[in-house]
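**Student:** Structure file protein36.cif (mmCIF, C-alpha atoms) right here:
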```cif
data_input
loop_
_atom_site.group_PDB
_atom_site.id
_atom_site.type_symbol
_atom_site.label_atom_id
_atom_site.label_comp_id
_atom_site.auth_asym_id
_atom_site.auth_seq_id
_atom_site.Cartn_x
_atom_site.Cartn_y
_atom_site.Cartn_z
ATOM 1 C CA MET A 52 99.649 106.194 62.546
ATOM 2 C CA GLY A 53 103.217 105.199 63.227
ATOM 3 C CA PRO A 54 104.408 102.158 65.207
ATOM 4 C CA GLY A 55 104.342 103.984 68.540
ATOM 5 C CA ALA A 56 101.187 105.992 68.073
ATOM 6 C CA GLN A 57 98.668 103.189 67.694
ATOM 7 C CA GLN A 58 99.726 101.388 70.859
ATOM 8 C CA GLN A 59 100.039 104.482 73.004
ATOM 9 C CA ARG A 60 96.850 106.290 72.008
ATOM 10 C CA GLY A 61 94.770 104.476 74.605
ATOM 11 C CA ARG A 62 97.340 105.058 77.338
ATOM 12 C CA ASP A 63 97.468 108.841 77.323
ATOM 13 C CA ARG A 64 94.925 111.292 78.718
ATOM 14 C CA ARG A 65 95.987 114.294 76.628
ATOM 15 C CA PRO A 66 98.094 112.725 73.899
ATOM 16 C CA ALA A 67 98.956 115.314 71.255
ATOM 17 C CA GLY A 68 99.631 118.910 70.343
ATOM 18 C CA CYS A 69 99.800 120.553 66.920
ATOM 19 C CA THR A 70 102.219 123.464 66.637
ATOM 20 C CA PRO A 71 101.433 126.605 64.585
ATOM 21 C CA HIS A 72 103.820 125.167 61.961
ATOM 22 C CA GLY A 73 101.743 122.004 61.539
ATOM 23 C CA THR A 74 103.982 119.581 63.412
ATOM 24 C CA VAL A 75 102.093 117.074 65.549
ATOM 25 C CA ILE A 76 103.854 116.236 68.843
ATOM 26 C CA VAL A 77 102.636 113.230 70.845
ATOM 27 C CA PRO A 78 103.847 112.858 74.461
ATOM 28 C CA THR A 79 103.630 109.277 75.700
ATOM 29 C CA ALA A 80 104.594 106.833 78.447
ATOM 30 C CA ASN A 81 106.281 103.573 77.582
ATOM 31 C CA ALA A 82 104.448 100.304 78.271
ATOM 32 C CA ASN A 83 106.195 99.757 81.617
ATOM 33 C CA GLU A 84 105.605 103.389 82.656
ATOM 34 C CA THR A 85 109.291 103.895 83.350
ATOM 35 C CA ALA A 86 109.826 106.814 80.958
ATOM 36 C CA ILE A 87 108.021 109.772 79.426
ATOM 37 C CA GLY A 88 108.789 110.482 75.787
ATOM 38 C CA ALA A 89 107.474 112.194 72.668
ATOM 39 C CA PHE A 90 107.365 111.525 68.948
ATOM 40 C CA ASN A 91 106.239 113.715 66.068
ATOM 41 C CA SER A 92 104.973 113.958 62.534
ATOM 42 C CA THR A 93 105.813 116.825 60.197
ATOM 43 C CA ASN A 94 103.744 115.543 57.259
ATOM 44 C CA GLY A 95 100.207 115.151 58.541
ATOM 45 C CA GLY A 96 100.726 111.705 60.034
ATOM 46 C CA ALA A 97 102.113 110.035 56.905
ATOM 47 C CA SER A 98 105.203 109.118 58.929
ATOM 48 C CA TRP A 99 106.324 109.403 62.525
ATOM 49 C CA SER A 100 109.657 110.019 64.186
ATOM 50 C CA ALA A 101 111.421 107.854 66.719
ATOM 51 C CA VAL A 102 110.646 108.518 70.374
ATOM 52 C CA THR A 103 112.672 111.166 72.195
ATOM 53 C CA THR A 104 113.008 110.486 75.920
ATOM 54 C CA ILE A 105 111.781 113.460 77.941
ATOM 55 C CA ALA A 106 112.646 111.899 81.304
ATOM 56 C CA THR A 107 112.786 108.622 83.155
ATOM 57 C CA ILE A 108 110.029 108.148 85.728
ATOM 58 C CA LYS A 109 110.337 107.654 89.465
ATOM 59 C CA HIS A 110 106.904 106.820 90.787
ATOM 60 C CA HIS A 111 105.510 105.870 94.178
ATOM 61 C CA LYS A 112 102.559 103.450 94.041
ATOM 62 C CA VAL A 113 99.824 105.092 96.049
ATOM 63 C CA ALA A 114 97.897 103.471 98.900
ATOM 64 C CA GLY A 115 94.255 102.435 98.960
ATOM 65 C CA SER A 116 94.624 99.753 96.268
ATOM 66 C CA LEU A 117 94.032 102.519 93.739
ATOM 67 C CA ARG A 118 94.567 101.959 90.028
ATOM 68 C CA GLU A 119 96.781 104.858 88.984
ATOM 69 C CA GLY A 120 100.086 105.403 87.302
ATOM 70 C CA PRO A 121 102.425 108.100 85.945
ATOM 71 C CA LEU A 122 100.631 108.588 82.626
ATOM 72 C CA PRO A 123 101.365 111.984 81.056
ATOM 73 C CA SER A 124 98.902 114.831 80.684
ATOM 74 C CA ALA A 125 99.957 117.262 77.959
ATOM 75 C CA GLU A 126 98.850 120.482 76.289
ATOM 76 C CA ILE A 127 100.298 123.142 74.009
ATOM 77 C CA ASP A 128 100.424 126.937 74.219
ATOM 78 C CA GLY A 129 99.607 129.432 71.475
ATOM 79 C CA ALA A 130 103.176 129.502 70.169
ATOM 80 C CA GLY A 131 103.693 125.729 70.048
ATOM 81 C CA THR A 132 105.423 124.957 73.352
ATOM 82 C CA VAL A 133 104.208 121.614 74.698
ATOM 83 C CA TYR A 134 103.870 121.087 78.463
ATOM 84 C CA VAL A 135 103.801 117.585 79.954
ATOM 85 C CA ALA A 136 102.908 116.702 83.574
ATOM 86 C CA TRP A 137 102.923 113.389 85.464
ATOM 87 C CA ALA A 138 103.145 111.970 89.001
ATOM 88 C CA ASP A 139 106.730 111.438 90.133
ATOM 89 C CA CYS A 140 108.535 110.990 93.454
ATOM 90 C CA ARG A 141 112.088 112.083 92.522
ATOM 91 C CA PHE A 142 111.916 115.146 94.788
ATOM 92 C CA ARG A 143 110.767 113.183 97.853
ATOM 93 C CA SER A 144 112.991 111.456 100.406
ATOM 94 C CA ALA A 145 113.116 107.719 99.599
ATOM 95 C CA CYS A 146 110.353 108.258 97.010
ATOM 96 C CA LYS A 147 107.718 107.925 99.739
ATOM 97 C CA THR A 148 105.121 110.174 98.036
ATOM 98 C CA ASN A 149 104.543 111.740 94.614
ATOM 99 C CA ASP A 150 104.588 115.299 93.413
ATOM 100 C CA ILE A 151 103.146 116.410 90.107
ATOM 101 C CA VAL A 152 106.136 117.303 87.939
ATOM 102 C CA ILE A 153 106.329 119.129 84.630
ATOM 103 C CA ALA A 154 108.596 119.585 81.608
ATOM 104 C CA HIS A 155 108.211 121.592 78.409
ATOM 105 C CA SER A 156 109.492 121.372 74.850
ATOM 106 C CA LEU A 157 112.412 123.551 73.784
ATOM 107 C CA ASN A 158 112.032 123.331 69.998
ATOM 108 C CA ALA A 159 109.346 123.081 67.330
ATOM 109 C CA THR A 160 109.581 119.306 66.864
ATOM 110 C CA GLY A 161 109.551 118.159 70.503
ATOM 111 C CA THR A 162 112.986 116.571 70.266
ATOM 112 C CA SER A 163 114.502 118.777 72.991
ATOM 113 C CA TRP A 164 112.989 119.213 76.452
ATOM 114 C CA SER A 165 113.551 121.165 79.635
ATOM 115 C CA ALA A 166 114.644 119.641 82.896
ATOM 116 C CA VAL A 167 111.900 118.161 85.074
ATOM 117 C CA THR A 168 110.652 120.548 87.761
ATOM 118 C CA ARG A 169 108.299 120.017 90.688
ATOM 119 C CA ILE A 170 104.968 121.838 90.856
ATOM 120 C CA PRO A 171 105.219 123.146 94.450
ATOM 121 C CA ILE A 172 101.730 122.254 95.668
ATOM 122 C CA ASP A 173 103.083 121.283 99.099
ATOM 123 C CA ALA A 174 106.471 121.154 100.800
ATOM 124 C CA THR A 175 108.554 118.072 100.050
ATOM 125 C CA THR A 176 108.178 117.119 103.735
ATOM 126 C CA SER A 177 104.363 117.238 103.662
ATOM 127 C CA ASN A 178 103.725 113.473 103.218
ATOM 128 C CA ILE A 179 100.859 114.428 100.902
ATOM 129 C CA ASP A 180 100.629 112.095 97.902
ATOM 130 C CA HIS A 181 99.678 113.707 94.556
ATOM 131 C CA PHE A 182 98.637 111.716 91.484
ATOM 132 C CA ILE A 183 96.573 111.535 88.269
ATOM 133 C CA PRO A 184 97.070 115.079 86.899
ATOM 134 C CA GLY A 185 94.953 116.870 84.314
ATOM 135 C CA LEU A 186 96.948 119.732 82.794
ATOM 136 C CA ALA A 187 95.573 122.677 80.789
ATOM 137 C CA VAL A 188 97.277 125.472 78.872
ATOM 138 C CA ASN A 189 95.393 128.562 77.802
ATOM 139 C CA LYS A 190 96.012 128.582 74.047
ATOM 140 C CA ALA A 191 95.363 132.322 73.928
ATOM 141 C CA THR A 192 98.625 132.718 75.886
ATOM 142 C CA SER A 193 102.215 131.743 75.162
ATOM 143 C CA GLY A 194 105.837 132.191 76.110
ATOM 144 C CA ALA A 195 106.722 133.647 79.492
ATOM 145 C CA THR A 196 103.073 134.545 80.193
ATOM 146 C CA ALA A 197 101.534 131.188 79.272
ATOM 147 C CA GLN A 198 98.689 130.314 81.651
ATOM 148 C CA LEU A 199 98.706 126.766 83.034
ATOM 149 C CA GLY A 200 96.013 125.076 85.100
ATOM 150 C CA LEU A 201 96.312 121.749 86.911
ATOM 151 C CA THR A 202 93.601 119.573 88.433
ATOM 152 C CA TYR A 203 94.889 116.568 90.389
ATOM 153 C CA TYR A 204 94.023 113.979 93.027
ATOM 154 C CA PHE A 205 95.791 113.761 96.366
ATOM 155 C CA TYR A 206 95.799 111.891 99.661
ATOM 156 C CA PRO A 207 96.242 113.877 102.893
ATOM 157 C CA PRO A 208 99.061 112.572 105.150
ATOM 158 C CA SER A 209 98.494 108.994 106.415
ATOM 159 C CA SER A 210 95.113 108.827 104.693
ATOM 160 C CA THR A 211 93.385 107.209 101.728
ATOM 161 C CA GLN A 212 90.611 109.817 101.689
ATOM 162 C CA LEU A 213 90.618 110.907 98.056
ATOM 163 C CA SER A 214 90.738 114.644 97.454
ATOM 164 C CA VAL A 215 90.887 116.787 94.316
ATOM 165 C CA GLY A 216 92.930 119.982 94.110
ATOM 166 C CA PHE A 217 93.683 122.766 91.657
ATOM 167 C CA THR A 218 96.642 125.079 91.146
ATOM 168 C CA SER A 219 97.648 127.397 88.330
ATOM 169 C CA SER A 220 100.465 129.461 86.912
ATOM 170 C CA ALA A 221 100.366 132.779 85.057
ATOM 171 C CA ASN A 222 104.026 132.681 84.007
ATOM 172 C CA ALA A 223 104.604 129.385 82.169
ATOM 173 C CA GLY A 224 105.181 127.383 85.333
ATOM 174 C CA GLY A 225 107.718 129.719 86.892
ATOM 175 C CA ALA A 226 105.464 130.157 89.929
ATOM 176 C CA TRP A 227 102.235 128.511 91.010
ATOM 177 C CA SER A 228 99.203 129.700 92.954
ATOM 178 C CA ALA A 229 98.298 128.450 96.403
ATOM 179 C CA PRO A 230 96.486 125.117 95.912
ATOM 180 C CA GLN A 231 92.715 124.981 96.246
ATOM 181 C CA THR A 232 90.904 121.878 97.480
ATOM 182 C CA ILE A 233 87.988 121.242 95.135
ATOM 183 C CA THR A 234 86.546 118.244 96.973
ATOM 184 C CA SER A 235 87.703 115.916 99.752
ATOM 185 C CA GLY A 236 86.592 113.065 102.000
ATOM 186 C CA MET A 237 86.035 110.481 99.284
ATOM 187 C CA ASN A 238 86.906 107.010 100.613
ATOM 188 C CA SER A 239 89.043 105.091 98.136
ATOM 189 C CA THR A 240 86.734 102.085 98.703
ATOM 190 C CA TRP A 241 83.902 104.149 97.180
ATOM 191 C CA ALA A 242 85.699 104.079 93.828
ATOM 192 C CA ALA A 243 84.751 101.302 91.415
ATOM 193 C CA ASN A 244 86.767 98.115 91.789
ATOM 194 C CA THR A 245 88.567 96.621 88.803
ATOM 195 C CA SER A 246 91.027 93.812 88.157
ATOM 196 C CA GLN A 247 93.801 96.428 88.578
ATOM 197 C CA GLY A 248 92.461 98.064 91.735
ATOM 198 C CA ARG A 249 90.037 100.826 92.671
ATOM 199 C CA MET A 250 89.570 103.326 89.849
ATOM 200 C CA VAL A 251 88.294 106.898 89.802
ATOM 201 C CA GLY A 252 88.942 107.002 86.081
ATOM 202 C CA ASP A 253 92.258 108.303 84.769
ATOM 203 C CA TYR A 254 90.607 110.598 82.231
ATOM 204 C CA ILE A 255 90.876 113.695 84.413
ATOM 205 C CA SER A 256 91.196 116.892 82.430
ATOM 206 C CA THR A 257 91.387 120.678 82.650
ATOM 207 C CA SER A 258 90.497 123.175 79.914
ATOM 208 C CA TYR A 259 90.472 126.944 79.532
ATOM 209 C CA THR A 260 87.488 128.759 78.071
ATOM 210 C CA SER A 261 87.484 132.054 76.190
ATOM 211 C CA ASP A 262 86.964 133.988 79.437
ATOM 212 C CA GLY A 263 90.410 132.866 80.618
ATOM 213 C CA LEU A 264 89.032 130.586 83.351
ATOM 214 C CA ALA A 265 90.106 126.980 83.897
ATOM 215 C CA HIS A 266 87.563 124.175 84.274
ATOM 216 C CA GLY A 267 88.522 120.804 85.715
ATOM 217 C CA ILE A 268 86.750 117.506 85.004
ATOM 218 C CA PHE A 269 87.339 114.536 87.318
ATOM 219 C CA GLY A 270 85.820 111.281 88.496
ATOM 220 C CA ALA A 271 84.139 111.462 91.897
ATOM 221 C CA ALA A 272 83.653 108.641 94.422
ATOM 222 C CA ASN A 273 80.563 109.313 96.509
ATOM 223 C CA THR A 274 78.891 107.405 99.349
ATOM 224 C CA PRO A 275 77.516 104.125 97.920
ATOM 225 C CA THR A 276 73.753 103.680 97.859
ATOM 226 C CA THR A 277 74.127 101.029 100.568
ATOM 227 C CA GLY A 278 75.809 103.431 102.999
ATOM 228 C CA ALA A 279 79.143 104.994 103.939
ATOM 229 C CA ALA A 280 80.381 101.858 105.699
ATOM 230 C CA THR A 281 80.173 99.779 102.509
ATOM 231 C CA SER A 282 82.435 99.570 99.488
ATOM 232 C CA CYS A 283 81.511 100.289 95.910
ATOM 233 C CA THR A 284 80.994 96.999 94.048
ATOM 234 C CA THR A 285 80.234 96.462 90.387
ATOM 235 C CA SER A 286 79.556 92.742 90.785
ATOM 236 C CA GLY A 287 76.020 91.715 91.644
ATOM 237 C CA LEU A 288 74.103 94.750 92.890
ATOM 238 C CA ASP A 289 75.876 97.870 91.670
ATOM 239 C CA ASN A 290 75.766 100.309 94.601
ATOM 240 C CA CYS A 291 78.348 102.785 93.252
ATOM 241 C CA LEU A 292 77.859 106.541 92.977
ATOM 242 C CA ALA A 293 80.803 107.626 90.833
ATOM 243 C CA PRO A 294 79.768 110.519 88.565
ATOM 244 C CA ILE A 295 82.018 112.769 86.515
ATOM 245 C CA ASP A 296 82.245 116.084 88.352
ATOM 246 C CA THR A 297 83.570 119.563 87.611
ATOM 247 C CA PHE A 298 84.176 122.962 89.189
ATOM 248 C CA SER A 299 80.981 124.910 89.813
ATOM 249 C CA LEU A 300 82.769 127.972 88.443
ATOM 250 C CA GLY A 301 85.923 128.390 86.411
ATOM 251 C CA LEU A 302 89.122 129.348 88.192
ATOM 252 C CA ALA A 303 91.571 132.021 87.147
ATOM 253 C CA SER A 304 95.299 131.547 86.755
ATOM 254 C CA GLY A 305 97.513 133.022 89.434
ATOM 255 C CA SER A 306 101.062 132.883 90.655
ATOM 256 C CA ALA A 307 102.492 132.677 94.115
ATOM 257 C CA SER A 308 105.932 131.266 94.710
ATOM 258 C CA GLY A 309 108.140 128.780 92.908
ATOM 259 C CA LEU A 310 110.502 126.324 94.527
ATOM 260 C CA SER A 311 113.804 125.084 93.191
ATOM 261 C CA ASP A 312 113.986 121.637 94.780
ATOM 262 C CA PRO A 313 116.861 119.173 94.595
ATOM 263 C CA VAL A 314 116.220 115.820 92.980
ATOM 264 C CA LEU A 315 116.477 113.242 95.766
ATOM 265 C CA PHE A 316 115.758 110.096 93.794
ATOM 266 C CA ALA A 317 117.089 110.062 90.238
ATOM 267 C CA GLY A 318 116.839 107.556 87.413
ATOM 268 C CA ASN A 319 119.084 106.684 84.504
ATOM 269 C CA GLY A 320 118.999 109.076 81.586
ATOM 270 C CA GLY A 321 121.144 109.887 78.577
ATOM 271 C CA ASN A 322 122.352 106.866 76.639
ATOM 272 C CA ASN A 323 120.819 104.528 79.212
ATOM 273 C CA ALA A 324 117.381 105.838 78.293
ATOM 274 C CA ASN A 325 117.612 104.578 74.704
ATOM 275 C CA SER A 326 116.632 101.057 75.764
ATOM 276 C CA LEU A 327 113.326 102.341 77.144
ATOM 277 C CA TRP A 328 111.841 102.630 73.642
ATOM 278 C CA ASN A 329 112.282 99.215 72.035
ATOM 279 C CA VAL A 330 110.168 97.524 69.399
ATOM 280 C CA VAL A 331 108.243 94.853 71.297
ATOM 281 C CA ASP A 332 105.520 92.309 70.583
ATOM 282 C CA ASN A 333 102.156 92.993 72.228
ATOM 283 C CA ASN A 334 99.659 90.197 71.519
ATOM 284 C CA GLY A 335 101.176 89.729 68.104
ATOM 285 C CA ILE A 336 101.267 93.439 67.252
ATOM 286 C CA HIS A 337 104.702 95.016 66.914
ATOM 287 C CA HIS A 338 104.996 98.550 68.145
ATOM 288 C CA ARG A 339 107.506 100.983 69.550
ATOM 289 C CA ASP A 340 107.481 100.686 73.367
#
```
Now, as a test, write the supplied structure out as structure tokens.

**Tutor:**
Amino acid sequence: MGPGAQQQRGRDRRPAGCTPHGTVIVPTANANETAIGAFNSTNGGASWSAVTTIATIKHHKVAGSLREGPLPSAEIDGAGTVYVAWADCRFRSACKTNDIVIAHSLNATGTSWSAVTRIPIDATTSNIDHFIPGLAVNKATSGATAQLGLTYYFYPPSSTQLSVGFTSSANAGGAWSAPQTITSGMNSTWAANTSQGRMVGDYISTSYTSDGLAHGIFGAANTPTTGAATSCTTSGLDNCLAPIDTFSLGLASGSASGLSDPVLFAGNGGNNANSLWNVVDNNGIHHRD
């Protein structure tokens, strides 16, 4: 793989899409998680392009000492349009909470991208924090009727009670269904502790099956074996109950209303974004950051 692909492969939840023309497009975050980009191969991986910046990131670090970040989740529709989602606070006053935002490719090589839009799960004044998305695209659909499904974590206002939600679109992200709460009431302290904070696992995902229903997979944080008043600990006696969970039934795509929200907290783009993808040294290995 190319200089960027090897380093980034372990960072992305849904890293690549292959267009009907055989071009492989790999959305990625840079090492500092300050930009979302994409690179491609048109020759089966023999060589890889430079990184195109999709957008700079504005991200609010969530409460609860949770290990999370604005890593991209990406999928591709039946015609080759790539959709990329991540957690971003640009639409929130003073970047106090995150939305899940989305962009899509505008050409066959992933070198041109749409503007970033907010998935309108809640009003921008809700104080609900959204993070760790798992995006799906129904590959039997495309264009203006592409079906998108999104599973995500969120905190209710002034809370670190982990919840999981789902929303979907039947018109390529033009409008989104009313959000559904899949599970709630998970204390962040019930998630496994790591050197980087509490972790529910950032390998959340959503997939469509042939019946047109979306199925989300996510990491749960249940009451530890030693009781609800205790924290999950992986040192000494492991009392954690943190299984991988899913929807009991698949969920259909729907559409409700879309919001055109102003960007309240913007980053540097254009020529200033070129410096976000430098060749750097990572433990002696040179790669494209």

**Student:** Give me the residues within 6 Å of region 145-160 of chain A as a PDB file with C-alpha atoms, keeping the file's coordinate frame, counting only C-alpha atoms and dropping any in the same chain fewer than 2 places off.

**Tutor:**
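Okay, result.pdb is ready:
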```pdb
ATOM      1  CA  HIS A 111     105.510 105.870  94.178  1.00  0.00           C
ATOM      2  CA  THR A 132     105.423 124.957  73.352  1.00  0.00           C
ATOM      3  CA  VAL A 133     104.208 121.614  74.698  1.00  0.00           C
ATOM      4  CA  TYR A 134     103.870 121.087  78.463  1.00  0.00           C
ATOM      5  CA  VAL A 135     103.801 117.585  79.954  1.00  0.00           C
ATOM      6  CA  ALA A 136     102.908 116.702  83.574  1.00  0.00           C
ATOM      7  CA  TRP A 137     102.923 113.389  85.464  1.00  0.00           C
ATOM      8  CA  ALA A 138     103.145 111.970  89.001  1.00  0.00           C
ATOM      9  CA  ASP A 139     106.730 111.438  90.133  1.00  0.00           C
ATOM     10  CA  CYS A 140     108.535 110.990  93.454  1.00  0.00           C
ATOM     11  CA  ARG A 143     110.767 113.183  97.853  1.00  0.00           C
ATOM     12  CA  THR A 162     112.986 116.571  70.266  1.00  0.00           C
ATOM     13  CA  SER A 163     114.502 118.777  72.991  1.00  0.00           C
ATOM     14  CA  TRP A 164     112.989 119.213  76.452  1.00  0.00           C
ATOM     15  CA  SER A 165     113.551 121.165  79.635  1.00  0.00           C
ATOM     16  CA  VAL A 167     111.900 118.161  85.074  1.00  0.00           C
ATOM     17  CA  THR A 168     110.652 120.548  87.761  1.00  0.00           C
ATOM     18  CA  ARG A 169     108.299 120.017  90.688  1.00  0.00           C
ATOM     19  CA  ILE A 170     104.968 121.838  90.856  1.00  0.00           C
ATOM     20  CA  ASP A 180     100.629 112.095  97.902  1.00  0.00           C
ATOM     21  CA  HIS A 181      99.678 113.707  94.556  1.00  0.00           C
TER      22      HIS A 181
END
```

**Student:** One number please: CA of Thr234 (chain A) to CA of Ser210 (chain A), in Å, one decimal.

**Tutor:**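 That distance, rounded to one decimal, is 14.9 Å.
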
**Student:** Between A:Lys190, A:Arg141, A:His110, A:His72, single out the one closest to Glu126 (chain A), counting only C-alpha atoms.

**Tutor:**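 Selected residue with least distance to Glu126 (chain A): A:Lys190.
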
**Student:** Go through A:Pro294, A:Thr240, A:Thr93, A:Gly129 one by one, measure the shortest atom-to-atom distance of each to Ala280 (chain A) using only C-alpha atoms, and give the residue with the smallest value.

**Tutor:**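 Using only C-alpha atoms, the shortest distance to Ala280 (chain A) belongs to A:Thr240.
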
**Student:** One decimal, Å: what's the distance from CA of Met250 (chain A) over to CA of Thr85 (chain A), could you say?

**Tutor:**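 We find that CA of Met250 (chain A) and CA of Thr85 (chain A) lie 20.8 Å from each other.
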
**Student:** Which polymer residues have any atom within 6 Å of an atom of Ser116 (chain A), counting only C-alpha atoms, with same-chain residues fewer than 2 positions away left out, as a VMD selection string?

**Tutor:** chain A and resid 114 248 to 249

**Student:** One decimal, Å: what's the distance from CA of Gly194 (chain A) over to CA of Ser304 (chain A), could you say?

**Tutor:** 15.0 Å

**Student:** List every protein, DNA or RNA residue that has an atom no more than 9 Å from (102.4, 115.2, 101.7) in the file's coordinate frame, counting all atoms listed in the file, and report them as a ChimeraX atom specification.

**Tutor:** /A:148-150,173-181,205-209

**Student:** Compare A:Ile108, A:Ala197, A:Val102, A:Ala166 by their minimum atom-to-atom distance to Asp128 (chain A), counting only C-alpha atoms, and give me the closest one.

**Tutor:**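 Closest to Asp128 (chain A), using only C-alpha atoms: A:Ala197.
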
**Student:** Can you pull out every residue within 9 Å of Ser239 (chain A), counting all atoms listed in the file, but drop anything in the same chain fewer than 6 positions away, and send it as a list in words?

**Tutor:**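 My list of contacting residues is Gly115, Ser116, Leu117, Thr211, Gln212, Leu213, Arg249, Met250, Val251, Ala272 and Ser282 of chain A.
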
**Student:** Expanded to explicit residues, what is the PyMOL selection byres ((chain A and resi 253-258) around 6) for this file, as a list in words?

**Tutor:**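 Applying the expression gives Arg64, Gly185, Leu186, Ala187, Gly252, Tyr259, Ala265, His266, Gly267, Ile268 and Phe269 of chain A.
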
**Student:** May I ask which of the residues A:Gln198, A:Ser228, A:Ser214, A:Gln247 is the closest one to Pro171 (chain A), counting all atoms listed in the file?

**Tutor:**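 That would be A:Ser228, the residue with the smallest distance to Pro171 (chain A).
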
**Student:** Counting all atoms listed in the file, which of A:Gly236, A:Gly278, A:Gly200, A:Gly224 gets nearest to Gly263 (chain A)?

**Tutor:** A:Gly200

**Student:** Nearest to Leu199 (chain A) among A:Gln231, A:Thr245, A:Ser219, A:Thr276, with distances taken over all atoms listed in the file: which residue is it?

**Tutor:**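 Between A:Gln231, A:Thr245, A:Ser219, A:Thr276, the residue approaching Leu199 (chain A) most closely is A:Ser219.
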
**Student:** What does the PyMOL selection byres ((chain A and resi 103) around 10) select in this file, as an NGL selection string?

**Tutor:** :A and (78-79 or 87-91 or 100-102 or 104-106 or 161-164 or 324-325 or 328)

**Student:** Quick one: residues within 6 Å of Pro230 (chain A), all atoms listed in the file counted, chain neighbours fewer than 4 positions away excluded, as a list of chain:residue names?

**Tutor:**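 Residues near the query, excluding close chain neighbours: A:Ile172, A:Phe217, A:Thr218.
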
**Student:** Can you patch up region 77-89 of chain A, filling it in to N, CA and C atoms, and show the result as an mmCIF file, keeping the file's coordinate frame?

**Tutor:**
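In the end it all went to result_3.cif:
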```cif
data_model
loop_
_atom_site.group_PDB
_atom_site.id
_atom_site.type_symbol
_atom_site.label_atom_id
_atom_site.label_comp_id
_atom_site.auth_asym_id
_atom_site.auth_seq_id
_atom_site.Cartn_x
_atom_site.Cartn_y
_atom_site.Cartn_z
ATOM 1 N N VAL A 77 103.413 114.166 70.025
ATOM 2 C CA VAL A 77 102.636 113.230 70.845
ATOM 3 C C VAL A 77 103.456 112.804 72.060
ATOM 4 N N PRO A 78 103.218 113.370 73.240
ATOM 5 C CA PRO A 78 103.847 112.858 74.461
ATOM 6 C C PRO A 78 103.253 111.492 74.814
ATOM 7 N N THR A 79 104.061 110.644 75.432
ATOM 8 C CA THR A 79 103.630 109.277 75.700
ATOM 9 C C THR A 79 104.407 108.690 76.867
ATOM 10 N N ALA A 80 103.854 107.651 77.480
ATOM 11 C CA ALA A 80 104.594 106.833 78.447
ATOM 12 C C ALA A 80 104.886 105.502 77.792
ATOM 13 N N ASN A 81 106.036 104.900 78.127
ATOM 14 C CA ASN A 81 106.281 103.573 77.582
ATOM 15 C C ASN A 81 105.414 102.541 78.292
ATOM 16 N N ALA A 82 105.389 101.313 77.781
ATOM 17 C CA ALA A 82 104.448 100.304 78.271
ATOM 18 C C ALA A 82 104.659 99.967 79.738
ATOM 19 N N ASN A 83 105.893 100.058 80.217
ATOM 20 C CA ASN A 83 106.195 99.757 81.617
ATOM 21 C C ASN A 83 106.082 100.993 82.511
ATOM 22 N N GLU A 84 105.734 102.135 81.922
ATOM 23 C CA GLU A 84 105.605 103.389 82.656
ATOM 24 C C GLU A 84 106.868 103.712 83.447
ATOM 25 N N THR A 85 108.005 103.555 82.758
ATOM 26 C CA THR A 85 109.291 103.895 83.350
ATOM 27 C C THR A 85 109.934 105.103 82.675
ATOM 28 N N ALA A 86 109.284 105.638 81.644
ATOM 29 C CA ALA A 86 109.826 106.814 80.958
ATOM 30 C C ALA A 86 108.704 107.577 80.276
ATOM 31 N N ILE A 87 108.885 108.890 80.192
ATOM 32 C CA ILE A 87 108.021 109.772 79.426
ATOM 33 C C ILE A 87 108.785 110.182 78.172
ATOM 34 N N GLY A 88 108.139 110.111 77.037
ATOM 35 C CA GLY A 88 108.789 110.482 75.787
ATOM 36 C C GLY A 88 107.844 111.232 74.877
ATOM 37 N N ALA A 89 108.307 111.522 73.660
ATOM 38 C CA ALA A 89 107.474 112.194 72.668
ATOM 39 C C ALA A 89 107.959 111.804 71.283
#
```
